[in-house]
Number of protein chains: 2
Amino acid sequence: MADEIERKFLVSSDAWRNGPPGVRICQGYLCRDKERTVRVRLAGEKAFLTIKGATSGISRKEFEYAIPPEEAQALLDLCLPLPVDKIRHERKHGGHLWEVDEFLGPNAGLIVAEIELSDANESFERPDWLGREVSDEPRYFNANLAEHPWTEWKT
Amino acid sequence: MADEIERKFLVSSDAWRNGPPGVRICQGYLCRDKERTVRVRLAGEKAFLTIKGATSGISRKEFEYAIPPEEAQALLDLCLPLPVDKIRHERKHGGHLWEVDEFLGPNAGLIVAEIELSDANESFERPDWLGREVSDEPRYFNANLAEHPWTEWKT
């Protein structure tokens with residue numbers, strides 16, 4: 001169990017693409033209430049079950065358990081409709097790890113960069129390609145992108 | 001992952017009480033849709049996260065993962081209101097294991113005996129204390145007993 005403290009940004013250019021290839025992630029939700037989400041994630045050859053609590057500011061409780069990858073597809077089949085499909089690219093910058101998620105399917109075109117911090121006030125260097133912060137916009141939560149994909153947003 | 005095939009009965013007497021002491025179980029639900037449940041169970045000193053699919057007859061898909069018991073209470077705190085509290089007594093009879101659940105709290109007074117079978121047509125010996133079968137009554141599902149406790153039933 002950990003407190004997940006995360007800041008989330010759009011990207012302002014394709015410069016982040018310089019780097020190693022990403023990993024395909026397919027994730028579904030057994031539950032996506034505001035107060036709790038239960039996520040099934042198949043990331044390359046690894047699989048995880050992740051429970052997160054309600055978001056408070058940029059922080060929320062997170063419990064993550066590795067599960068046998070051969071069970072992930074059957075669990076994804078049990079999930080609510082509309083999984084989230086993306087490629088995750090890892091980029092190191094200024095001592096921090098950025099995860100750049102390039103969404104696919106109904107969210108294709110959306111690219112979001114995330115950084116995990118050890119406390120909410122931790123400072124970090126912004127890569128040149130970093131765009132607008134969206135940490136406090138719930139519509140960018142993956143659980144919400146599943147139900148209300150980016151390509152269907154009106155604004 | 002396994003198919004859980006289970007038959008469930010009321011008890012007709014207290015004769016099942018002859019036997020070793022039971023284990024206290026406290027369980028909550030992160031999700032209790034008809035199509036899927038996600039259960040957090042603290043059973044004595046062990047803890048589990050269990051995902052079950054929709055019930056089809058007396059069978060449903062089940063995925064169970066052991067989790068660190070020290071994380072169970074924080075996960076229970078994330079669950080939907082109204083956990084289920086019970087003492088589970090194990091009784092061997094005729095080569096099968098019966099789990100006799102003596103409910104506590106808002107379900108106090110309810111006692112249910114369950115047997116897991118390897119296929120739906122497997123035969124088994126009925127202990128003398130076995131009462132009416134309730135396998136096909138969804139109100140006896142633990143997830144439903146959480147929300148609609150037995151002491152509040154009208155019939």
# chains A, B, ... in the order shown; residues from 1 in each chain; ligands from 1
>>> residues_around(residues="Arg39 of chain A", least_positions_apart="6", cutoff="8 Å", atoms="only C-alpha atoms", output="PyMOL selection string")
chain A and resi 27-31+48-51
>>> calpha_fit_and_write(fixed="chain B", moving="chain A", output="PDB file with C-alpha atoms, in the first residue's frame")
ATOM      1  CA  MET A   1      -8.619 -18.918 -11.899  1.00  0.00           C
ATOM      2  CA  ALA A   2     -11.212 -21.587 -11.350  1.00  0.00           C
ATOM      3  CA  ASP A   3     -14.871 -22.219 -11.821  1.00  0.00           C
ATOM      4  CA  GLU A   4     -16.422 -22.144  -8.387  1.00  0.00           C
ATOM      5  CA  ILE A   5     -19.200 -24.716  -8.149  1.00  0.00           C
ATOM      6  CA  GLU A   6     -20.927 -24.426  -4.836  1.00  0.00           C
ATOM      7  CA  ARG A   7     -24.115 -25.624  -3.183  1.00  0.00           C
ATOM      8  CA  LYS A   8     -25.489 -23.823  -0.209  1.00  0.00           C
ATOM      9  CA  PHE A   9     -27.907 -24.975   2.501  1.00  0.00           C
ATOM     10  CA  LEU A  10     -29.468 -23.808   5.715  1.00  0.00           C
ATOM     11  CA  VAL A  11     -28.915 -25.970   8.781  1.00  0.00           C
ATOM     12  CA  SER A  12     -31.683 -27.850  10.554  1.00  0.00           C
ATOM     13  CA  SER A  13     -30.010 -28.301  13.967  1.00  0.00           C
ATOM     14  CA  ASP A  14     -27.009 -27.346  16.059  1.00  0.00           C
ATOM     15  CA  ALA A  15     -25.390 -30.784  15.659  1.00  0.00           C
ATOM     16  CA  TRP A  16     -22.756 -29.256  13.332  1.00  0.00           C
ATOM     17  CA  ARG A  17     -21.336 -27.449  16.381  1.00  0.00           C
ATOM     18  CA  ASN A  18     -19.476 -30.589  17.477  1.00  0.00           C
ATOM     19  CA  GLY A  19     -16.015 -29.957  16.078  1.00  0.00           C
ATOM     20  CA  PRO A  20     -13.008 -27.664  16.117  1.00  0.00           C
ATOM     21  CA  PRO A  21     -13.437 -23.923  16.679  1.00  0.00           C
ATOM     22  CA  GLY A  22     -14.004 -21.704  13.668  1.00  0.00           C
ATOM     23  CA  VAL A  23     -12.136 -18.803  12.154  1.00  0.00           C
ATOM     24  CA  ARG A  24     -13.419 -15.253  12.227  1.00  0.00           C
ATOM     25  CA  ILE A  25     -13.921 -13.781   8.763  1.00  0.00           C
ATOM     26  CA  CYS A  26     -14.516 -10.139   8.006  1.00  0.00           C
ATOM     27  CA  GLN A  27     -15.160  -9.319   4.378  1.00  0.00           C
ATOM     28  CA  GLY A  28     -16.104  -6.250   2.448  1.00  0.00           C
ATOM     29  CA  TYR A  29     -16.877  -5.548  -1.181  1.00  0.00           C
ATOM     30  CA  LEU A  30     -15.178  -3.068  -3.475  1.00  0.00           C
ATOM     31  CA  CYS A  31     -17.799  -3.950  -6.039  1.00  0.00           C
ATOM     32  CA  ARG A  32     -20.954  -6.029  -5.851  1.00  0.00           C
ATOM     33  CA  ASP A  33     -22.525  -5.795  -9.271  1.00  0.00           C
ATOM     34  CA  LYS A  34     -24.537  -8.724 -10.508  1.00  0.00           C
ATOM     35  CA  GLU A  35     -21.902  -9.326 -13.207  1.00  0.00           C
ATOM     36  CA  ARG A  36     -18.840  -9.146 -10.960  1.00  0.00           C
ATOM     37  CA  THR A  37     -17.885  -8.870  -7.310  1.00  0.00           C
ATOM     38  CA  VAL A  38     -14.555  -7.850  -5.810  1.00  0.00           C
ATOM     39  CA  ARG A  39     -14.210  -9.060  -2.240  1.00  0.00           C
ATOM     40  CA  VAL A  40     -11.622  -8.223   0.426  1.00  0.00           C
ATOM     41  CA  ARG A  41     -11.463 -10.959   3.045  1.00  0.00           C
ATOM     42  CA  LEU A  42      -9.564 -11.043   6.308  1.00  0.00           C
ATOM     43  CA  ALA A  43      -9.795 -14.633   7.611  1.00  0.00           C
ATOM     44  CA  GLY A  44      -7.910 -15.084  10.871  1.00  0.00           C
ATOM     45  CA  GLU A  45      -4.349 -14.097   9.967  1.00  0.00           C
ATOM     46  CA  LYS A  46      -4.720 -14.479   6.212  1.00  0.00           C
ATOM     47  CA  ALA A  47      -6.138 -12.060   3.678  1.00  0.00           C
ATOM     48  CA  PHE A  48      -7.408 -12.450   0.142  1.00  0.00           C
ATOM     49  CA  LEU A  49      -8.693 -10.435  -2.747  1.00  0.00           C
ATOM     50  CA  THR A  50     -11.292 -12.398  -4.674  1.00  0.00           C
ATOM     51  CA  ILE A  51     -12.991 -11.559  -7.940  1.00  0.00           C
ATOM     52  CA  LYS A  52     -16.055 -13.511  -8.975  1.00  0.00           C
ATOM     53  CA  GLY A  53     -18.050 -13.342 -12.171  1.00  0.00           C
ATOM     54  CA  ALA A  54     -21.795 -13.641 -12.688  1.00  0.00           C
ATOM     55  CA  THR A  55     -23.466 -16.745 -11.324  1.00  0.00           C
ATOM     56  CA  SER A  56     -24.617 -19.225 -13.911  1.00  0.00           C
ATOM     57  CA  GLY A  57     -26.639 -21.948 -12.186  1.00  0.00           C
ATOM     58  CA  ILE A  58     -24.452 -22.967  -9.225  1.00  0.00           C
ATOM     59  CA  SER A  59     -21.185 -22.025 -10.960  1.00  0.00           C
ATOM     60  CA  ARG A  60     -19.168 -18.852 -11.424  1.00  0.00           C
ATOM     61  CA  LYS A  61     -15.657 -17.829 -12.337  1.00  0.00           C
ATOM     62  CA  GLU A  62     -13.430 -17.119  -9.368  1.00  0.00           C
ATOM     63  CA  PHE A  63      -9.979 -15.542  -9.116  1.00  0.00           C
ATOM     64  CA  GLU A  64      -8.402 -15.471  -5.688  1.00  0.00           C
ATOM     65  CA  TYR A  65      -5.163 -13.774  -4.686  1.00  0.00           C
ATOM     66  CA  ALA A  66      -3.501 -13.801  -1.271  1.00  0.00           C
ATOM     67  CA  ILE A  67      -2.613 -10.288  -0.138  1.00  0.00           C
ATOM     68  CA  PRO A  68      -0.533  -9.069   2.800  1.00  0.00           C
ATOM     69  CA  PRO A  69      -2.837  -9.286   5.853  1.00  0.00           C
ATOM     70  CA  GLU A  70      -1.487  -5.987   7.167  1.00  0.00           C
ATOM     71  CA  GLU A  71      -3.054  -4.282   4.123  1.00  0.00           C
ATOM     72  CA  ALA A  72      -6.462  -5.878   4.551  1.00  0.00           C
ATOM     73  CA  GLN A  73      -7.902  -3.374   7.007  1.00  0.00           C
ATOM     74  CA  ALA A  74      -6.988  -0.386   4.815  1.00  0.00           C
ATOM     75  CA  LEU A  75      -8.620  -2.178   1.867  1.00  0.00           C
ATOM     76  CA  LEU A  76     -11.704  -2.984   3.961  1.00  0.00           C
ATOM     77  CA  ASP A  77     -11.892   0.742   4.751  1.00  0.00           C
ATOM     78  CA  LEU A  78     -12.108   1.432   0.995  1.00  0.00           C
ATOM     79  CA  CYS A  79     -14.991  -1.010   0.549  1.00  0.00           C
ATOM     80  CA  LEU A  80     -18.654  -0.201   0.108  1.00  0.00           C
ATOM     81  CA  PRO A  81     -20.438   0.276   3.437  1.00  0.00           C
ATOM     82  CA  LEU A  82     -21.623  -2.785   5.348  1.00  0.00           C
ATOM     83  CA  PRO A  83     -19.049  -5.565   5.593  1.00  0.00           C
ATOM     84  CA  VAL A  84     -20.035  -9.170   6.322  1.00  0.00           C
ATOM     85  CA  ASP A  85     -18.809 -10.650   9.567  1.00  0.00           C
ATOM     86  CA  LYS A  86     -18.982 -14.366  10.315  1.00  0.00           C
ATOM     87  CA  ILE A  87     -17.294 -17.356  11.908  1.00  0.00           C
ATOM     88  CA  ARG A  88     -16.425 -20.144   9.508  1.00  0.00           C
ATOM     89  CA  HIS A  89     -16.449 -23.693  10.885  1.00  0.00           C
ATOM     90  CA  GLU A  90     -15.009 -26.522   8.807  1.00  0.00           C
ATOM     91  CA  ARG A  91     -16.660 -29.930   9.051  1.00  0.00           C
ATOM     92  CA  LYS A  92     -15.592 -33.030   7.154  1.00  0.00           C
ATOM     93  CA  HIS A  93     -18.354 -35.397   6.174  1.00  0.00           C
ATOM     94  CA  GLY A  94     -18.355 -38.301   3.733  1.00  0.00           C
ATOM     95  CA  GLY A  95     -15.141 -37.217   2.034  1.00  0.00           C
ATOM     96  CA  HIS A  96     -16.285 -33.641   1.491  1.00  0.00           C
ATOM     97  CA  LEU A  97     -15.507 -30.449   3.362  1.00  0.00           C
ATOM     98  CA  TRP A  98     -18.465 -28.429   4.586  1.00  0.00           C
ATOM     99  CA  GLU A  99     -17.989 -24.785   5.497  1.00  0.00           C
ATOM    100  CA  VAL A 100     -20.550 -23.722   8.056  1.00  0.00           C
ATOM    101  CA  ASP A 101     -20.802 -19.938   8.239  1.00  0.00           C
ATOM    102  CA  GLU A 102     -22.283 -18.513  11.404  1.00  0.00           C
ATOM    103  CA  PHE A 103     -23.060 -14.900  10.613  1.00  0.00           C
ATOM    104  CA  LEU A 104     -22.612 -12.024  13.044  1.00  0.00           C
ATOM    105  CA  GLY A 105     -23.742  -8.412  13.213  1.00  0.00           C
ATOM    106  CA  PRO A 106     -26.795  -7.539  11.109  1.00  0.00           C
ATOM    107  CA  ASN A 107     -26.907 -11.159   9.845  1.00  0.00           C
ATOM    108  CA  ALA A 108     -26.655 -12.750  13.317  1.00  0.00           C
ATOM    109  CA  GLY A 109     -28.852 -15.826  13.574  1.00  0.00           C
ATOM    110  CA  LEU A 110     -28.220 -16.935  10.002  1.00  0.00           C
ATOM    111  CA  ILE A 111     -26.182 -20.117   9.563  1.00  0.00           C
ATOM    112  CA  VAL A 112     -25.334 -21.377   6.094  1.00  0.00           C
ATOM    113  CA  ALA A 113     -23.463 -24.550   5.108  1.00  0.00           C
ATOM    114  CA  GLU A 114     -21.598 -24.639   1.805  1.00  0.00           C
ATOM    115  CA  ILE A 115     -19.938 -27.394  -0.144  1.00  0.00           C
ATOM    116  CA  GLU A 116     -17.614 -26.918  -3.105  1.00  0.00           C
ATOM    117  CA  LEU A 117     -17.932 -29.474  -5.842  1.00  0.00           C
ATOM    118  CA  SER A 118     -15.687 -30.258  -8.761  1.00  0.00           C
ATOM    119  CA  ASP A 119     -18.634 -30.535 -11.116  1.00  0.00           C
ATOM    120  CA  ALA A 120     -22.273 -29.576 -10.892  1.00  0.00           C
ATOM    121  CA  ASN A 121     -23.481 -33.192 -10.854  1.00  0.00           C
ATOM    122  CA  GLU A 122     -21.075 -34.472  -8.220  1.00  0.00           C
ATOM    123  CA  SER A 123     -22.921 -36.380  -5.512  1.00  0.00           C
ATOM    124  CA  PHE A 124     -22.237 -35.939  -1.805  1.00  0.00           C
ATOM    125  CA  GLU A 125     -23.474 -37.258   1.531  1.00  0.00           C
ATOM    126  CA  ARG A 126     -25.811 -35.003   3.471  1.00  0.00           C
ATOM    127  CA  PRO A 127     -24.953 -34.539   7.126  1.00  0.00           C
ATOM    128  CA  ASP A 128     -27.919 -35.011   9.524  1.00  0.00           C
ATOM    129  CA  TRP A 129     -27.896 -31.330  10.383  1.00  0.00           C
ATOM    130  CA  LEU A 130     -28.304 -30.194   6.766  1.00  0.00           C
ATOM    131  CA  GLY A 131     -31.439 -28.186   6.037  1.00  0.00           C
ATOM    132  CA  ARG A 132     -33.074 -26.649   2.990  1.00  0.00           C
ATOM    133  CA  GLU A 133     -30.986 -25.887  -0.099  1.00  0.00           C
ATOM    134  CA  VAL A 134     -30.709 -22.183  -0.956  1.00  0.00           C
ATOM    135  CA  SER A 135     -28.148 -22.375  -3.797  1.00  0.00           C
ATOM    136  CA  ASP A 136     -30.483 -20.621  -6.216  1.00  0.00           C
ATOM    137  CA  GLU A 137     -31.577 -17.833  -3.868  1.00  0.00           C
ATOM    138  CA  PRO A 138     -29.438 -14.764  -4.588  1.00  0.00           C
ATOM    139  CA  ARG A 139     -30.461 -13.135  -1.313  1.00  0.00           C
ATOM    140  CA  TYR A 140     -28.155 -15.649   0.413  1.00  0.00           C
ATOM    141  CA  PHE A 141     -25.115 -14.469  -1.591  1.00  0.00           C
ATOM    142  CA  ASN A 142     -22.724 -12.848   0.884  1.00  0.00           C
ATOM    143  CA  ALA A 143     -22.545  -9.758  -1.326  1.00  0.00           C
ATOM    144  CA  ASN A 144     -26.332  -9.419  -0.998  1.00  0.00           C
ATOM    145  CA  LEU A 145     -26.319 -10.176   2.737  1.00  0.00           C
ATOM    146  CA  ALA A 146     -23.995  -7.175   3.124  1.00  0.00           C
ATOM    147  CA  GLU A 147     -26.551  -4.834   1.615  1.00  0.00           C
ATOM    148  CA  HIS A 148     -29.747  -6.584   2.731  1.00  0.00           C
ATOM    149  CA  PRO A 149     -28.971  -8.323   6.030  1.00  0.00           C
ATOM    150  CA  TRP A 150     -30.925 -11.402   7.025  1.00  0.00           C
ATOM    151  CA  THR A 151     -32.401  -9.832  10.189  1.00  0.00           C
ATOM    152  CA  GLU A 152     -34.150  -7.266   7.999  1.00  0.00           C
ATOM    153  CA  TRP A 153     -35.824  -9.764   5.663  1.00  0.00           C
ATOM    154  CA  LYS A 154     -39.607  -9.714   5.822  1.00  0.00           C
ATOM    155  CA  THR A 155     -40.035 -13.414   5.019  1.00  0.00           C
TER     156      THR A 155
END
>>> select_by_dssp(residues="chain B", states="strand (DSSP E or B)", output="VMD selection string")
chain B and resid 2 to 11 23 to 32 36 to 43 46 to 53 56 59 to 67 84 to 93 96 to 103 111 to 117 130 to 133
>>> select_by_dssp(residues="chain A", states="helix (DSSP H, G or I)", output="list in words")
Ala15, Trp16, Arg17, Pro69, Glu70, Glu71, Ala72, Gln73, Ala74, Leu75, Leu76, Asp77, Leu78, Gly105, Pro106, Asn107, Pro138, Arg139, Tyr140, Asn142, Ala143, Asn144, Leu145, Ala146, Glu147, Trp150, Thr151 and Glu152 of chain A
